[in-house]
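Peer 1: The file below is protein.pdb, PDB, C-alpha atoms:
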```pdb
ATOM      1  CA  MET A   1      -6.001 -15.870 -91.949  1.00  0.00           C
ATOM      2  CA  ILE A   2      -8.566 -18.036 -90.118  1.00  0.00           C
ATOM      3  CA  ASN A   3     -11.050 -15.182 -89.998  1.00  0.00           C
ATOM      4  CA  ARG A   4     -10.558 -14.496 -93.694  1.00  0.00           C
ATOM      5  CA  ILE A   5     -11.225 -18.126 -94.622  1.00  0.00           C
ATOM      6  CA  ALA A   6     -14.292 -18.233 -92.382  1.00  0.00           C
ATOM      7  CA  LYS A   7     -15.733 -15.134 -94.010  1.00  0.00           C
ATOM      8  CA  CYS A   8     -15.225 -16.609 -97.465  1.00  0.00           C
ATOM      9  CA  ALA A   9     -16.899 -19.849 -96.364  1.00  0.00           C
ATOM     10  CA  LEU A  10     -19.917 -17.970 -95.021  1.00  0.00           C
ATOM     11  CA  LEU A  11     -20.243 -16.021 -98.235  1.00  0.00           C
ATOM     12  CA  PHE A  12     -19.970 -19.137-100.360  1.00  0.00           C
ATOM     13  CA  CYS A  13     -22.236 -21.450 -98.346  1.00  0.00           C
ATOM     14  CA  PRO A  14     -25.580 -20.309 -99.845  1.00  0.00           C
ATOM     15  CA  ILE A  15     -24.300 -21.039-103.347  1.00  0.00           C
ATOM     16  CA  VAL A  16     -23.071 -24.519-102.416  1.00  0.00           C
ATOM     17  CA  CYS A  17     -26.366 -25.295-100.705  1.00  0.00           C
ATOM     18  CA  LEU A  18     -28.236 -24.496-103.914  1.00  0.00           C
ATOM     19  CA  THR A  19     -26.470 -27.377-105.654  1.00  0.00           C
ATOM     20  CA  ALA A  20     -27.242 -29.878-102.883  1.00  0.00           C
ATOM     21  CA  SER A  21     -30.981 -30.239-103.529  1.00  0.00           C
ATOM     22  CA  PRO A  22     -32.371 -32.606-106.192  1.00  0.00           C
ATOM     23  CA  LEU A  23     -32.888 -30.947-109.563  1.00  0.00           C
ATOM     24  CA  LEU A  24     -36.474 -31.133-110.800  1.00  0.00           C
ATOM     25  CA  PHE A  25     -37.230 -31.155-114.524  1.00  0.00           C
ATOM     26  CA  GLN A  26     -40.829 -30.970-115.766  1.00  0.00           C
ATOM     27  CA  GLY A  27     -42.495 -31.033-119.165  1.00  0.00           C
ATOM     28  CA  VAL A  28     -45.327 -32.334-121.306  1.00  0.00           C
ATOM     29  CA  PHE A  29     -45.102 -34.766-124.215  1.00  0.00           C
ATOM     30  CA  ASN A  30     -47.441 -34.326-127.159  1.00  0.00           C
ATOM     31  CA  THR A  31     -47.119 -37.833-128.581  1.00  0.00           C
ATOM     32  CA  ASP A  32     -46.231 -41.325-127.382  1.00  0.00           C
ATOM     33  CA  ASP A  33     -42.982 -41.518-129.344  1.00  0.00           C
ATOM     34  CA  GLN A  34     -41.316 -38.407-127.915  1.00  0.00           C
ATOM     35  CA  VAL A  35     -37.947 -38.776-126.193  1.00  0.00           C
ATOM     36  CA  GLU A  36     -36.426 -36.374-123.654  1.00  0.00           C
ATOM     37  CA  LEU A  37     -32.633 -36.619-123.379  1.00  0.00           C
ATOM     38  CA  PHE A  38     -30.377 -35.456-120.554  1.00  0.00           C
ATOM     39  CA  THR A  39     -26.649 -35.679-119.952  1.00  0.00           C
ATOM     40  CA  PHE A  40     -24.977 -35.843-116.557  1.00  0.00           C
ATOM     41  CA  THR A  41     -21.658 -36.738-115.014  1.00  0.00           C
ATOM     42  CA  ASN A  42     -20.655 -38.758-111.973  1.00  0.00           C
ATOM     43  CA  ASP A  43     -17.163 -38.397-110.499  1.00  0.00           C
ATOM     44  CA  GLY A  44     -17.216 -41.777-108.782  1.00  0.00           C
ATOM     45  CA  THR A  45     -17.484 -40.368-105.248  1.00  0.00           C
ATOM     46  CA  MET A  46     -21.257 -40.021-105.207  1.00  0.00           C
ATOM     47  CA  THR A  47     -24.422 -41.863-106.141  1.00  0.00           C
ATOM     48  CA  THR A  48     -26.642 -40.273-108.752  1.00  0.00           C
ATOM     49  CA  THR A  49     -30.316 -40.928-108.007  1.00  0.00           C
ATOM     50  CA  ILE A  50     -32.887 -40.454-110.745  1.00  0.00           C
ATOM     51  CA  GLN A  51     -36.587 -40.642-109.920  1.00  0.00           C
ATOM     52  CA  SER A  52     -39.811 -40.021-111.807  1.00  0.00           C
ATOM     53  CA  TYR A  53     -42.840 -38.417-110.138  1.00  0.00           C
ATOM     54  CA  GLY A  54     -45.151 -37.853-113.104  1.00  0.00           C
ATOM     55  CA  TYR A  55     -47.161 -41.079-112.925  1.00  0.00           C
ATOM     56  CA  ALA A  56     -48.171 -41.349-109.273  1.00  0.00           C
ATOM     57  CA  GLY A  57     -47.314 -37.830-108.116  1.00  0.00           C
ATOM     58  CA  GLY A  58     -45.541 -36.813-104.938  1.00  0.00           C
ATOM     59  CA  SER A  59     -43.529 -33.902-103.627  1.00  0.00           C
ATOM     60  CA  ILE A  60     -39.955 -32.746-103.901  1.00  0.00           C
ATOM     61  CA  ASP A  61     -38.773 -29.876-101.731  1.00  0.00           C
ATOM     62  CA  ALA A  62     -41.605 -27.309-101.915  1.00  0.00           C
ATOM     63  CA  THR A  63     -43.069 -28.612-105.181  1.00  0.00           C
ATOM     64  CA  THR A  64     -46.164 -30.834-105.146  1.00  0.00           C
ATOM     65  CA  ILE A  65     -46.658 -32.978-108.235  1.00  0.00           C
ATOM     66  CA  ASP A  66     -50.070 -34.308-109.239  1.00  0.00           C
ATOM     67  CA  ALA A  67     -50.609 -37.902-110.329  1.00  0.00           C
ATOM     68  CA  GLY A  68     -51.948 -38.657-113.791  1.00  0.00           C
ATOM     69  CA  GLY A  69     -49.007 -38.531-116.203  1.00  0.00           C
ATOM     70  CA  PHE A  70     -48.048 -41.352-118.556  1.00  0.00           C
ATOM     71  CA  ALA A  71     -46.216 -44.486-117.432  1.00  0.00           C
ATOM     72  CA  PRO A  72     -42.550 -43.677-118.207  1.00  0.00           C
ATOM     73  CA  ASP A  73     -39.392 -45.575-118.908  1.00  0.00           C
ATOM     74  CA  LEU A  74     -35.834 -44.418-118.132  1.00  0.00           C
ATOM     75  CA  THR A  75     -32.757 -45.648-119.997  1.00  0.00           C
ATOM     76  CA  VAL A  76     -29.131 -44.756-119.242  1.00  0.00           C
ATOM     77  CA  PHE A  77     -26.334 -44.907-121.842  1.00  0.00           C
ATOM     78  CA  ASP A  78     -22.603 -44.413-121.344  1.00  0.00           C
ATOM     79  CA  SER A  79     -20.415 -41.869-123.147  1.00  0.00           C
ATOM     80  CA  SER A  80     -20.182 -44.191-126.164  1.00  0.00           C
ATOM     81  CA  GLY A  81     -23.947 -44.534-126.354  1.00  0.00           C
ATOM     82  CA  ASP A  82     -23.903 -48.115-125.106  1.00  0.00           C
ATOM     83  CA  PHE A  83     -26.758 -49.330-122.920  1.00  0.00           C
ATOM     84  CA  VAL A  84     -26.052 -49.227-119.162  1.00  0.00           C
ATOM     85  CA  THR A  85     -29.388 -49.801-117.435  1.00  0.00           C
ATOM     86  CA  SER A  86     -33.095 -49.057-117.645  1.00  0.00           C
ATOM     87  CA  ASP A  87     -36.080 -48.963-115.338  1.00  0.00           C
ATOM     88  CA  SER A  88     -39.848 -48.780-115.721  1.00  0.00           C
ATOM     89  CA  GLY A  89     -41.044 -48.638-112.125  1.00  0.00           C
ATOM     90  CA  GLY A  90     -42.359 -51.160-109.646  1.00  0.00           C
ATOM     91  CA  HIS A  91     -40.689 -49.567-106.612  1.00  0.00           C
ATOM     92  CA  CYS A  92     -43.683 -49.322-104.287  1.00  0.00           C
ATOM     93  CA  GLY A  93     -42.643 -47.718-101.012  1.00  0.00           C
ATOM     94  CA  ILE A  94     -39.854 -45.757-102.684  1.00  0.00           C
ATOM     95  CA  THR A  95     -41.976 -44.124-105.365  1.00  0.00           C
ATOM     96  CA  GLY A  96     -45.657 -43.273-105.090  1.00  0.00           C
ATOM     97  CA  THR A  97     -48.712 -45.415-105.766  1.00  0.00           C
ATOM     98  CA  ASP A  98     -51.133 -44.044-108.333  1.00  0.00           C
ATOM     99  CA  PRO A  99     -54.559 -43.397-106.741  1.00  0.00           C
ATOM    100  CA  VAL A 100     -56.442 -44.612-109.835  1.00  0.00           C
ATOM    101  CA  THR A 101     -54.540 -47.689-111.017  1.00  0.00           C
ATOM    102  CA  GLY A 102     -52.805 -48.704-107.788  1.00  0.00           C
ATOM    103  CA  ASN A 103     -49.557 -49.097-109.762  1.00  0.00           C
ATOM    104  CA  CYS A 104     -46.107 -47.790-108.827  1.00  0.00           C
ATOM    105  CA  ASP A 105     -44.946 -47.025-112.361  1.00  0.00           C
ATOM    106  CA  ASP A 106     -42.483 -44.207-111.671  1.00  0.00           C
ATOM    107  CA  PRO A 107     -38.934 -45.363-112.477  1.00  0.00           C
ATOM    108  CA  TYR A 108     -36.170 -45.100-109.888  1.00  0.00           C
ATOM    109  CA  LEU A 109     -32.522 -45.883-110.541  1.00  0.00           C
ATOM    110  CA  GLN A 110     -29.060 -45.097-109.213  1.00  0.00           C
ATOM    111  CA  ILE A 111     -25.641 -44.724-110.847  1.00  0.00           C
ATOM    112  CA  SER A 112     -22.432 -44.857-108.785  1.00  0.00           C
ATOM    113  CA  GLU A 113     -19.687 -45.509-111.338  1.00  0.00           C
ATOM    114  CA  ALA A 114     -17.730 -42.530-112.633  1.00  0.00           C
ATOM    115  CA  GLY A 115     -18.511 -41.411-116.143  1.00  0.00           C
ATOM    116  CA  THR A 116     -20.515 -39.226-118.471  1.00  0.00           C
ATOM    117  CA  TYR A 117     -23.990 -40.500-119.204  1.00  0.00           C
ATOM    118  CA  THR A 118     -27.023 -39.857-121.378  1.00  0.00           C
ATOM    119  CA  LEU A 119     -30.449 -40.395-119.843  1.00  0.00           C
ATOM    120  CA  ALA A 120     -33.498 -41.002-122.028  1.00  0.00           C
ATOM    121  CA  LEU A 121     -37.055 -40.508-120.796  1.00  0.00           C
ATOM    122  CA  THR A 122     -39.683 -42.255-122.924  1.00  0.00           C
ATOM    123  CA  VAL A 123     -43.255 -43.480-122.683  1.00  0.00           C
ATOM    124  CA  TYR A 124     -43.396 -47.125-121.635  1.00  0.00           C
ATOM    125  CA  ASP A 125     -42.824 -49.361-123.554  1.00  0.00           C
ATOM    126  CA  ASN A 126     -40.911 -47.331-126.130  1.00  0.00           C
ATOM    127  CA  LEU A 127     -37.697 -49.112-125.231  1.00  0.00           C
ATOM    128  CA  ALA A 128     -34.195 -48.603-126.580  1.00  0.00           C
ATOM    129  CA  ILE A 129     -33.347 -50.871-129.501  1.00  0.00           C
ATOM    130  CA  ASP A 130     -29.705 -51.192-128.447  1.00  0.00           C
ATOM    131  CA  ASN A 131     -27.152 -48.380-128.697  1.00  0.00           C
ATOM    132  CA  LEU A 132     -28.453 -44.833-128.275  1.00  0.00           C
ATOM    133  CA  SER A 133     -27.778 -44.208-131.971  1.00  0.00           C
ATOM    134  CA  ASP A 134     -30.137 -47.072-132.859  1.00  0.00           C
ATOM    135  CA  GLY A 135     -33.096 -45.167-131.432  1.00  0.00           C
ATOM    136  CA  PHE A 136     -36.240 -46.550-129.811  1.00  0.00           C
ATOM    137  CA  LYS A 137     -38.627 -49.222-131.019  1.00  0.00           C
ATOM    138  CA  ASP A 138     -41.754 -47.067-131.315  1.00  0.00           C
ATOM    139  CA  THR A 139     -40.206 -44.074-133.052  1.00  0.00           C
ATOM    140  CA  SER A 140     -42.611 -42.589-135.646  1.00  0.00           C
ATOM    141  CA  ASP A 141     -45.590 -44.262-133.954  1.00  0.00           C
ATOM    142  CA  PRO A 142     -47.173 -41.314-132.096  1.00  0.00           C
ATOM    143  CA  GLY A 143     -50.146 -43.258-130.720  1.00  0.00           C
ATOM    144  CA  PHE A 144     -48.688 -46.690-130.021  1.00  0.00           C
ATOM    145  CA  THR A 145     -50.036 -46.977-126.470  1.00  0.00           C
ATOM    146  CA  CYS A 146     -53.717 -46.663-127.383  1.00  0.00           C
ATOM    147  CA  ALA A 147     -53.191 -48.730-130.535  1.00  0.00           C
ATOM    148  CA  GLU A 148     -52.068 -51.652-128.366  1.00  0.00           C
ATOM    149  CA  ASP A 149     -55.675 -51.872-127.145  1.00  0.00           C
ATOM    150  CA  GLY A 150     -57.166 -51.189-130.557  1.00  0.00           C
ATOM    151  CA  GLY A 151     -57.945 -47.557-129.759  1.00  0.00           C
ATOM    152  CA  THR A 152     -56.799 -44.136-130.898  1.00  0.00           C
ATOM    153  CA  GLY A 153     -55.151 -41.201-129.150  1.00  0.00           C
ATOM    154  CA  GLU A 154     -52.082 -40.984-126.947  1.00  0.00           C
ATOM    155  CA  PHE A 155     -50.910 -41.935-123.454  1.00  0.00           C
ATOM    156  CA  CYS A 156     -53.122 -44.947-122.807  1.00  0.00           C
ATOM    157  CA  ASP A 157     -51.712 -46.795-119.814  1.00  0.00           C
ATOM    158  CA  VAL A 158     -50.400 -50.121-121.102  1.00  0.00           C
ATOM    159  CA  THR A 159     -49.664 -51.180-117.503  1.00  0.00           C
ATOM    160  CA  ASP A 160     -53.358 -50.848-116.636  1.00  0.00           C
ATOM    161  CA  ALA A 161     -55.747 -53.642-117.624  1.00  0.00           C
ATOM    162  CA  LEU A 162     -58.322 -50.992-118.567  1.00  0.00           C
ATOM    163  CA  PHE A 163     -55.866 -49.002-120.713  1.00  0.00           C
ATOM    164  CA  ARG A 164     -57.090 -45.784-119.117  1.00  0.00           C
ATOM    165  CA  GLN A 165     -55.828 -42.636-120.800  1.00  0.00           C
ATOM    166  CA  ARG A 166     -53.285 -40.466-118.997  1.00  0.00           C
ATOM    167  CA  THR A 167     -51.754 -37.067-119.727  1.00  0.00           C
ATOM    168  CA  GLY A 168     -48.438 -36.248-121.395  1.00  0.00           C
ATOM    169  CA  ALA A 169     -47.011 -34.711-118.209  1.00  0.00           C
ATOM    170  CA  TRP A 170     -43.639 -35.869-116.893  1.00  0.00           C
ATOM    171  CA  ASP A 171     -41.635 -34.895-113.801  1.00  0.00           C
ATOM    172  CA  LEU A 172     -38.108 -36.077-113.146  1.00  0.00           C
ATOM    173  CA  SER A 173     -35.604 -35.418-110.365  1.00  0.00           C
ATOM    174  CA  ILE A 174     -31.833 -35.915-110.621  1.00  0.00           C
ATOM    175  CA  ASP A 175     -29.782 -35.835-107.446  1.00  0.00           C
ATOM    176  CA  GLY A 176     -26.044 -36.293-106.861  1.00  0.00           C
ATOM    177  CA  ALA A 177     -24.908 -35.547-110.408  1.00  0.00           C
ATOM    178  CA  GLY A 178     -22.709 -32.926-112.003  1.00  0.00           C
ATOM    179  CA  ASP A 179     -23.146 -30.968-115.240  1.00  0.00           C
ATOM    180  CA  VAL A 180     -26.767 -31.956-115.813  1.00  0.00           C
ATOM    181  CA  VAL A 181     -28.184 -30.660-119.106  1.00  0.00           C
ATOM    182  CA  ASP A 182     -31.620 -31.221-120.633  1.00  0.00           C
ATOM    183  CA  LEU A 183     -30.527 -31.748-124.244  1.00  0.00           C
ATOM    184  CA  SER A 184     -34.050 -31.347-125.598  1.00  0.00           C
ATOM    185  CA  SER A 185     -34.127 -27.745-124.396  1.00  0.00           C
ATOM    186  CA  ASN A 186     -30.346 -27.262-123.971  1.00  0.00           C
ATOM    187  CA  THR A 187     -31.047 -26.108-120.403  1.00  0.00           C
ATOM    188  CA  PRO A 188     -28.239 -26.509-117.817  1.00  0.00           C
ATOM    189  CA  GLU A 189     -29.201 -27.483-114.300  1.00  0.00           C
ATOM    190  CA  PRO A 190     -29.791 -24.456-112.049  1.00  0.00           C
ATOM    191  CA  GLY A 191     -27.028 -25.416-109.637  1.00  0.00           C
ATOM    192  CA  THR A 192     -24.333 -25.091-112.297  1.00  0.00           C
ATOM    193  CA  LEU A 193     -25.399 -21.563-113.174  1.00  0.00           C
ATOM    194  CA  ALA A 194     -25.724 -20.608-109.517  1.00  0.00           C
ATOM    195  CA  LEU A 195     -22.274 -21.994-108.755  1.00  0.00           C
ATOM    196  CA  LEU A 196     -20.694 -20.011-111.585  1.00  0.00           C
ATOM    197  CA  LEU A 197     -22.443 -16.803-110.636  1.00  0.00           C
ATOM    198  CA  GLY A 198     -21.814 -17.439-106.949  1.00  0.00           C
ATOM    199  CA  GLY A 199     -18.105 -18.009-107.490  1.00  0.00           C
ATOM    200  CA  ALA A 200     -17.825 -14.711-109.347  1.00  0.00           C
ATOM    201  CA  LEU A 201     -19.784 -12.949-106.619  1.00  0.00           C
ATOM    202  CA  VAL A 202     -17.607 -14.390-103.862  1.00  0.00           C
ATOM    203  CA  THR A 203     -14.449 -13.312-105.661  1.00  0.00           C
ATOM    204  CA  MET A 204     -15.795  -9.805-106.199  1.00  0.00           C
ATOM    205  CA  LEU A 205     -16.911  -9.382-102.606  1.00  0.00           C
ATOM    206  CA  ALA A 206     -13.720 -10.872-101.215  1.00  0.00           C
ATOM    207  CA  ALA A 207     -11.611  -8.480-103.279  1.00  0.00           C
ATOM    208  CA  ARG A 208     -13.671  -5.488-102.172  1.00  0.00           C
ATOM    209  CA  ARG A 209     -13.402  -6.470 -98.515  1.00  0.00           C
ATOM    210  CA  GLY A 210      -9.690  -7.161 -98.673  1.00  0.00           C
ATOM    211  CA  LEU A 211     -10.121 -10.904 -98.043  1.00  0.00           C
ATOM    212  CA  ILE A 212      -7.909 -11.943-100.934  1.00  0.00           C
ATOM    213  CA  VAL A 213      -4.211 -11.571-100.280  1.00  0.00           C
ATOM    214  CA  SER A 214      -1.999 -11.367-103.327  1.00  0.00           C
TER     215      SER A 214
END
```
Starting from the coordinates I provided, produce the structure as structure tokens.
Peer 2:
Amino acid sequence: MINRIAKCALLFCPIVCLTASPLLFQGVFNTDDQVELFTFTNDGTMTTTIQSYGYAGGSIDATTIDAGGFAPDLTVFDSSGDFVTSDSGGHCGITGTDPVTGNCDDPYLQISEAGTYTLALTVYDNLAIDNLSDGFKDTSDPGFTCAEDGGTGEFCDVTDALFRQRTGAWDLSIDGAGDVVDLSSNTPEPGTLALLLGGALVTMLAARRGLIVS
């Protein structure tokens, strides 16, 4: 029996390891008022860490991310849509420092309490009005960042005294969460799919090798 369990563990280990790395989501906004929504769960035994890389760049696993994206804001809501927390950066030493502005505008936040959450990624300062159902204050204003300095266009950096224009690129990692789904694209996190496929593969191989005892 010990040998059988060990063989199953060895077969299953690569699948489990796939779910251990931070999940990286990447995209490009077209306008200032876009919102990217995610859902995730926390079972209360782990800390979910959410970090942006799009503003100042950085690296995660084997992926290198260039600086130059817009200054983002992250907002977390609970399962009822009520506001939980938000962050707009300022974590120098934890997140990167932009080589042009010298700002550390990539948000970083952590959730430890059990629950199901919705995460909203927006352009700063398109902040939540209140409940998720209430929306965000700059909805239907696709060029609000440049307009704040009397200009036109999108993705002007309102955290920069010179209002220098950035790109619409965003990069976001989520680590220590379960059932992560990008609602804007309805894409489940890769680890969930790998775990499902891996579990089926382990069962199939175990049955073929006589490791499952009925």
Peer 1: Set the distance at 7 Å and use only C-alpha atoms: which residues neighbour region 32-49 of chain A once local chain neighbours fewer than 4 positions away are removed? I'd like the list as an NGL selection string.
Peer 2: :A and (109-123 or 126 or 138-145 or 154-155 or 174-184)
Peer 1: Please report the interatomic distance between CA of Thr64 (chain A) and CA of Phe77 (chain A) in Å with one decimal.
Peer 2: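 CA of Thr64 (chain A) sits 29.5 Å away from CA of Phe77 (chain A).
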Peer 1: Mind giving me the straight-line distance from CA of Leu162 (chain A) to CA of Gly58 (chain A) in Å, one decimal?
Peer 2: 23.5 Å
Peer 1: Name all residues at most 6 Å from region 23-25 of chain A (count all atoms listed in the file; drop same-chain ones fewer than 3 positions away) and give them as a short mmCIF file (atom, residue, chain, number, x, y, z; two decimals) with C-alpha atoms, in the frame of the given file.
Peer 2:
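Once written, selection.cif looks like this:
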```cif
data_model
loop_
_atom_site.label_atom_id
_atom_site.label_comp_id
_atom_site.auth_asym_id
_atom_site.auth_seq_id
_atom_site.Cartn_x
_atom_site.Cartn_y
_atom_site.Cartn_z
CA ASP A 171 -41.64 -34.90 -113.80
CA LEU A 172 -38.11 -36.08 -113.15
CA SER A 173 -35.60 -35.42 -110.36
CA ILE A 174 -31.83 -35.92 -110.62
#
```
Peer 1: Please determine, counting all atoms listed in the file, which residue among A:Ala147, A:Val28, A:Ile60, A:Ala128 has the shortest atom-to-atom distance to Asp73 (chain A).
Peer 2: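 Using all atoms listed in the file, Asp73 (chain A) sits closest to A:Ala128.
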Peer 1: To verify the selection step, state as a ChimeraX atom specification which residues the PyMOL selection byres ((chain A and resi 107) around 8) yields on this input.
Peer 2: /A:50-52,72-74,87-91,95,105-106,108-109
Peer 1: Got time to write the residues from that selection, C-alpha atoms, as a tab-separated table (two decimals), in the coordinates of the input?
Peer 2:
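Written output follows (again13.tsv):
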```tsv
chain	number	residue	atom	x	y	z
A	50	ILE	CA	-32.89	-40.45	-110.74
A	51	GLN	CA	-36.59	-40.64	-109.92
A	52	SER	CA	-39.81	-40.02	-111.81
A	72	PRO	CA	-42.55	-43.68	-118.21
A	73	ASP	CA	-39.39	-45.58	-118.91
A	74	LEU	CA	-35.83	-44.42	-118.13
A	87	ASP	CA	-36.08	-48.96	-115.34
A	88	SER	CA	-39.85	-48.78	-115.72
A	89	GLY	CA	-41.04	-48.64	-112.12
A	90	GLY	CA	-42.36	-51.16	-109.65
A	91	HIS	CA	-40.69	-49.57	-106.61
A	95	THR	CA	-41.98	-44.12	-105.36
A	105	ASP	CA	-44.95	-47.02	-112.36
A	106	ASP	CA	-42.48	-44.21	-111.67
A	108	TYR	CA	-36.17	-45.10	-109.89
A	109	LEU	CA	-32.52	-45.88	-110.54
```
Peer 1: What is the CA of Asp149 (chain A)-CA of Ser86 (chain A) distance in Å, reported with one decimal?
Peer 2: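 CA of Asp149 (chain A) sits 24.7 Å away from CA of Ser86 (chain A).
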Peer 1: Run the PyMOL selection byres ((chain A and resi 157) around 8) on the file and write out the hits as a short mmCIF file (atom, residue, chain, number, x, y, z; two decimals) with C-alpha atoms, keeping the file's coordinate frame.
Peer 2:
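After the write, result.cif holds the following:
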```cif
data_model
loop_
_atom_site.label_atom_id
_atom_site.label_comp_id
_atom_site.auth_asym_id
_atom_site.auth_seq_id
_atom_site.Cartn_x
_atom_site.Cartn_y
_atom_site.Cartn_z
CA PHE A 70 -48.05 -41.35 -118.56
CA ALA A 71 -46.22 -44.49 -117.43
CA THR A 145 -50.04 -46.98 -126.47
CA CYS A 146 -53.72 -46.66 -127.38
CA PHE A 155 -50.91 -41.94 -123.45
CA CYS A 156 -53.12 -44.95 -122.81
CA VAL A 158 -50.40 -50.12 -121.10
CA THR A 159 -49.66 -51.18 -117.50
CA ASP A 160 -53.36 -50.85 -116.64
CA LEU A 162 -58.32 -50.99 -118.57
CA PHE A 163 -55.87 -49.00 -120.71
CA ARG A 164 -57.09 -45.78 -119.12
CA GLN A 165 -55.83 -42.64 -120.80
CA ARG A 166 -53.28 -40.47 -119.00
#
```
Peer 1: Looking at A:Ser133, A:Gln26, A:Ser59, A:Thr101, which one is nearest to Ser79 (chain A), with distances taken over all atoms listed in the file?
Peer 2: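 Answer, going by the shortest atom-to-atom distance: A:Ser133.
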Peer 1: Calculate, to one decimal in Å, the centre and edge lengths of the box along x, y and z of the file that holds all listed atoms of region 169-177 of chain A with 3 Å of margin on each side, and present them as AutoDock Vina command-line options.
Peer 2:
```
--center_x -36.0 --center_y -35.5 --center_z -112.5 --size_x 28.1 --size_y 7.6 --size_z 17.3
```
Peer 1: Using only C-alpha atoms, pick whichever of A:Asn131, A:Thr31, A:Ala56, A:Ser21 has the shortest atom-to-atom distance to Gly93 (chain A).
Peer 2: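 Distance minimum relative to Gly93 (chain A) lands on A:Ala56.
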Peer 1: Excluding Leu132 (chain A) and any residue of its chain fewer than 3 positions from it, enumerate the residues within 7 Å of it, using all atoms listed in the file, and give them as a PDB file with C-alpha atoms, in the coordinates of the input.
Peer 2:
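Written output follows (around35.pdb):
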```pdb
ATOM      1  CA  PHE A  77     -26.334 -44.907-121.842  1.00  0.00           C
ATOM      2  CA  GLY A  81     -23.947 -44.534-126.354  1.00  0.00           C
ATOM      3  CA  ASP A  82     -23.903 -48.115-125.106  1.00  0.00           C
ATOM      4  CA  GLY A 135     -33.096 -45.167-131.432  1.00  0.00           C
TER       5      GLY A 135
END
```
